[in-house]
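Below: protein06.tsv (TSV, C-alpha atoms)
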chain	number	residue	atom	x	y	z
A	1	MET	CA	14.84	-37.12	-26.68
A	2	ARG	CA	17.30	-35.60	-24.24
A	3	ILE	CA	18.15	-32.77	-26.64
A	4	ARG	CA	14.45	-31.96	-27.06
A	5	SER	CA	13.99	-31.79	-23.29
A	6	LEU	CA	17.02	-29.53	-22.93
A	7	THR	CA	15.80	-27.29	-25.75
A	8	LEU	CA	12.34	-27.06	-24.19
A	9	ALA	CA	13.85	-26.18	-20.80
A	10	CYS	CA	15.95	-23.42	-22.37
A	11	TRP	CA	12.92	-21.95	-24.15
A	12	LEU	CA	10.90	-22.00	-20.94
A	13	LEU	CA	13.67	-20.12	-19.15
A	14	LEU	CA	13.94	-17.53	-21.91
A	15	LEU	CA	10.18	-16.97	-22.21
A	16	SER	CA	9.37	-16.61	-18.53
A	17	LEU	CA	7.05	-13.83	-17.41
A	18	SER	CA	7.74	-11.22	-14.79
A	19	ALA	CA	6.66	-11.99	-11.24
A	20	GLU	CA	4.76	-9.60	-9.01
A	21	ALA	CA	4.31	-9.72	-5.26
A	22	SER	CA	1.07	-9.10	-3.42
A	23	VAL	CA	0.60	-6.44	-0.77
A	24	PHE	CA	1.12	-9.06	1.94
A	25	ASP	CA	4.34	-10.35	0.37
A	26	ILE	CA	5.79	-6.85	0.28
A	27	TYR	CA	4.60	-5.38	3.58
A	28	GLY	CA	3.24	-8.21	5.75
A	29	PHE	CA	-0.20	-9.42	6.77
A	30	ASP	CA	-0.71	-7.66	10.08
A	31	PRO	CA	0.86	-4.68	11.88
A	32	ARG	CA	3.26	-6.87	13.85
A	33	GLY	CA	4.35	-8.60	10.65
A	34	MET	CA	4.99	-5.22	9.07
A	35	ALA	CA	7.06	-4.08	12.02
A	36	MET	CA	9.13	-7.28	11.91
A	37	GLY	CA	9.71	-7.01	8.16
A	38	GLY	CA	7.73	-10.18	7.46
A	39	ALA	CA	10.00	-12.37	9.60
A	40	MET	CA	7.06	-14.04	11.31
A	41	THR	CA	7.29	-17.74	10.46
A	42	ALA	CA	8.55	-18.79	13.90
A	43	ALA	CA	7.25	-15.79	15.86
A	44	VAL	CA	3.50	-15.99	15.28
A	45	ASN	CA	1.25	-16.33	18.29
A	46	ASP	CA	-2.10	-15.07	17.01
A	47	TYR	CA	-4.48	-15.25	14.05
A	48	SER	CA	-1.74	-14.21	11.58
A	49	ALA	CA	-0.48	-17.79	11.73
A	50	THR	CA	-3.10	-18.52	9.06
A	51	TYR	CA	-0.89	-16.57	6.64
A	52	TYR	CA	2.64	-17.03	7.96
A	53	ASN	CA	2.69	-20.54	9.47
A	54	PRO	CA	-0.56	-22.54	9.84
A	55	GLY	CA	1.23	-25.08	12.04
A	56	ALA	CA	1.59	-22.41	14.72
A	57	LEU	CA	-2.19	-22.11	15.19
A	58	THR	CA	-1.92	-24.55	18.09
A	59	VAL	CA	0.48	-22.34	20.07
A	60	PRO	CA	-2.07	-19.98	21.71
A	61	LYS	CA	-4.14	-21.60	24.46
A	62	ARG	CA	-7.10	-19.20	24.33
A	63	ILE	CA	-9.60	-17.89	21.78
A	64	ILE	CA	-8.27	-14.83	19.97
A	65	LEU	CA	-10.40	-12.33	18.04
A	66	SER	CA	-8.57	-9.50	16.37
A	67	LEU	CA	-9.54	-6.51	14.28
A	68	GLY	CA	-6.99	-4.17	12.76
A	69	PHE	CA	-6.53	-1.41	10.21
A	70	THR	CA	-3.48	-1.37	7.99
A	71	SER	CA	-2.41	1.47	5.74
A	72	SER	CA	0.68	2.33	3.74
A	73	PHE	CA	1.72	5.61	2.12
A	74	PRO	CA	4.98	4.76	0.31
A	75	LYS	CA	7.35	7.61	-0.46
A	76	LEU	CA	9.85	5.54	-2.43
A	77	ARG	CA	10.41	6.74	-5.99
A	78	ILE	CA	12.72	5.04	-8.44
A	79	ASN	CA	14.16	7.41	-11.02
A	80	ARG	CA	16.28	5.86	-13.71
A	81	SER	CA	19.10	7.96	-15.13
A	82	VAL	CA	18.61	6.36	-18.53
A	83	ALA	CA	15.07	5.91	-19.86
A	84	ASN	CA	14.34	2.24	-20.36
A	85	PRO	CA	10.84	1.07	-21.37
A	86	ASP	CA	11.45	-2.32	-19.72
A	87	PHE	CA	12.08	-0.70	-16.32
A	88	PRO	CA	9.97	2.48	-15.98
A	89	SER	CA	10.23	4.95	-13.11
A	90	ILE	CA	7.50	3.96	-10.69
A	91	THR	CA	6.10	4.69	-7.27
A	92	PRO	CA	4.64	1.82	-5.22
A	93	GLY	CA	0.91	2.12	-4.76
A	94	PHE	CA	-1.01	3.23	-1.69
A	95	PHE	CA	-3.10	0.62	0.08
A	96	SER	CA	-5.25	0.34	3.15
A	97	GLY	CA	-7.53	-2.28	4.55
A	98	ILE	CA	-9.16	-3.89	7.54
A	99	THR	CA	-7.97	-7.25	8.84
A	100	LEU	CA	-10.16	-9.58	10.84
A	101	GLY	CA	-8.82	-12.72	12.43
A	102	VAL	CA	-10.20	-15.44	14.67
A	103	LEU	CA	-8.39	-18.32	16.32
A	104	PHE	CA	-10.13	-21.18	18.16
A	105	PRO	CA	-7.88	-23.70	19.90
A	106	ILE	CA	-9.71	-27.02	20.33
A	107	GLY	CA	-9.68	-28.43	23.85
A	108	GLY	CA	-10.49	-31.79	25.33
A	109	PRO	CA	-8.46	-34.93	24.54
A	110	ILE	CA	-6.86	-33.27	21.49
A	111	LYS	CA	-5.81	-30.15	23.39
A	112	ASN	CA	-2.73	-28.41	21.92
A	113	LYS	CA	-2.99	-30.55	18.77
A	114	LEU	CA	-5.80	-28.96	16.78
A	115	ALA	CA	-6.95	-25.40	16.22
A	116	PHE	CA	-9.19	-23.56	13.80
A	117	GLY	CA	-8.35	-20.11	12.52
A	118	PHE	CA	-9.26	-17.80	9.71
A	119	SER	CA	-8.21	-14.36	8.56
A	120	LEU	CA	-9.91	-11.88	6.28
A	121	TYR	CA	-8.63	-8.75	4.60
A	122	PHE	CA	-11.05	-6.10	3.36
A	123	PRO	CA	-9.41	-3.46	1.13
A	124	THR	CA	-10.74	0.03	1.72
A	125	ASN	CA	-9.24	2.02	-1.15
A	126	LYS	CA	-9.89	-0.27	-4.12
A	127	ILE	CA	-11.22	-3.77	-4.57
A	128	VAL	CA	-9.90	-4.58	-8.03
A	129	GLY	CA	-6.47	-3.33	-9.02

Would you put the structure from the file into structure tokens?
Amino acid sequence: MRIRSLTLACWLLLLSLSAEASVFDIYGFDPRGMAMGGAMTAAVNDYSATYYNPGALTVPKRIILSLGFTSSFPKLRINRSVANPDFPSITPGFFSGITLGVLFPIGGPIKNKLAFGFSLYFPTNKIVG
């Protein structure tokens, strides 16, 4: 039984698929996150906590409504000296979109312990990739 489990684990490791990151994983969710290189887990103090760290939604003490426009025009080009079909020469894609975020801290007896927030991203250049 142990040999079967080990064999199955080896096959799963050998047959794994490639992983791809989303736009937010590569660039960040909001302009501040982009400027900080995505290092926002402990630094969030607005609606972007819904993406980076939901536990930080209780940090702000006021209602926050935010609207932003994000756009990226990458100039990076990867040229391989040796042609390899597994790793083609590529250019990262252009993207742009509108972000909308709302954060409602709940007051009263549960002040600083509960908050409601949501964030939306509306792509402007293409909806389905």

Discussion item. Can you tell me which residues surround Lys61 (chain A) at a distance of at most 9 Å, considering only C-alpha atoms, apart from same-chain residues fewer than 2 positions away, and format the answer as a PyMOL selection string?
Written reply: chain A and resi 58-59+63+104-107+111-112

Worksheet item: What is the CA of Thr70 (chain A)-CA of Gly33 (chain A) distance in Å, reported with one decimal?
Response: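 The value is 11.0 Å.
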
Worksheet item: Taking into account all atoms listed in the file, which residue in the set A:Ala115, A:Leu65, A:Ala42, A:Leu120 is nearest to Gly97 (chain A)?
Response: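 Smallest distance to Gly97 (chain A) is found for A:Leu120.
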
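Coordinates place CA of Ser22 (chain A) at a distance of 13.5 Å from CA of Ser72 (chain A).
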
Practice prompt. Enter the distance from CA of Ser5 (chain A) to CA of Glu20 (chain A), in Å, rounded to one decimal.
Written response: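 A separation of 28.0 Å between them.
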
Using all atoms listed in the file and a cutoff of 7 Å, can you tell me which residues are near (-9.7, -3.5, 3.4) in the file's coordinates, and write them out as a tab-separated table (two decimals) with C-alpha atoms, keeping the file's coordinate frame?
chain	number	residue	atom	x	y	z
A	96	SER	CA	-5.25	0.34	3.15
A	97	GLY	CA	-7.53	-2.28	4.55
A	98	ILE	CA	-9.16	-3.89	7.54
A	99	THR	CA	-7.97	-7.25	8.84
A	121	TYR	CA	-8.63	-8.75	4.60
A	122	PHE	CA	-11.05	-6.10	3.36
A	123	PRO	CA	-9.41	-3.46	1.13
A	124	THR	CA	-10.74	0.03	1.72

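Of the residues under consideration (A:Met34, A:Val82, A:Ile110, A:Leu100), A:Leu100 shows the shortest atom-to-atom contact distance to Ser66 (chain A) when counting all atoms listed in the file.
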
Worksheet item: Quick one: of A:Pro54, A:Pro85, A:Pro74, A:Gly93, who's nearest to Gly117 (chain A), counting all atoms listed in the file?
Response: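 Smallest separation from Gly117 (chain A) among the options: A:Pro54.
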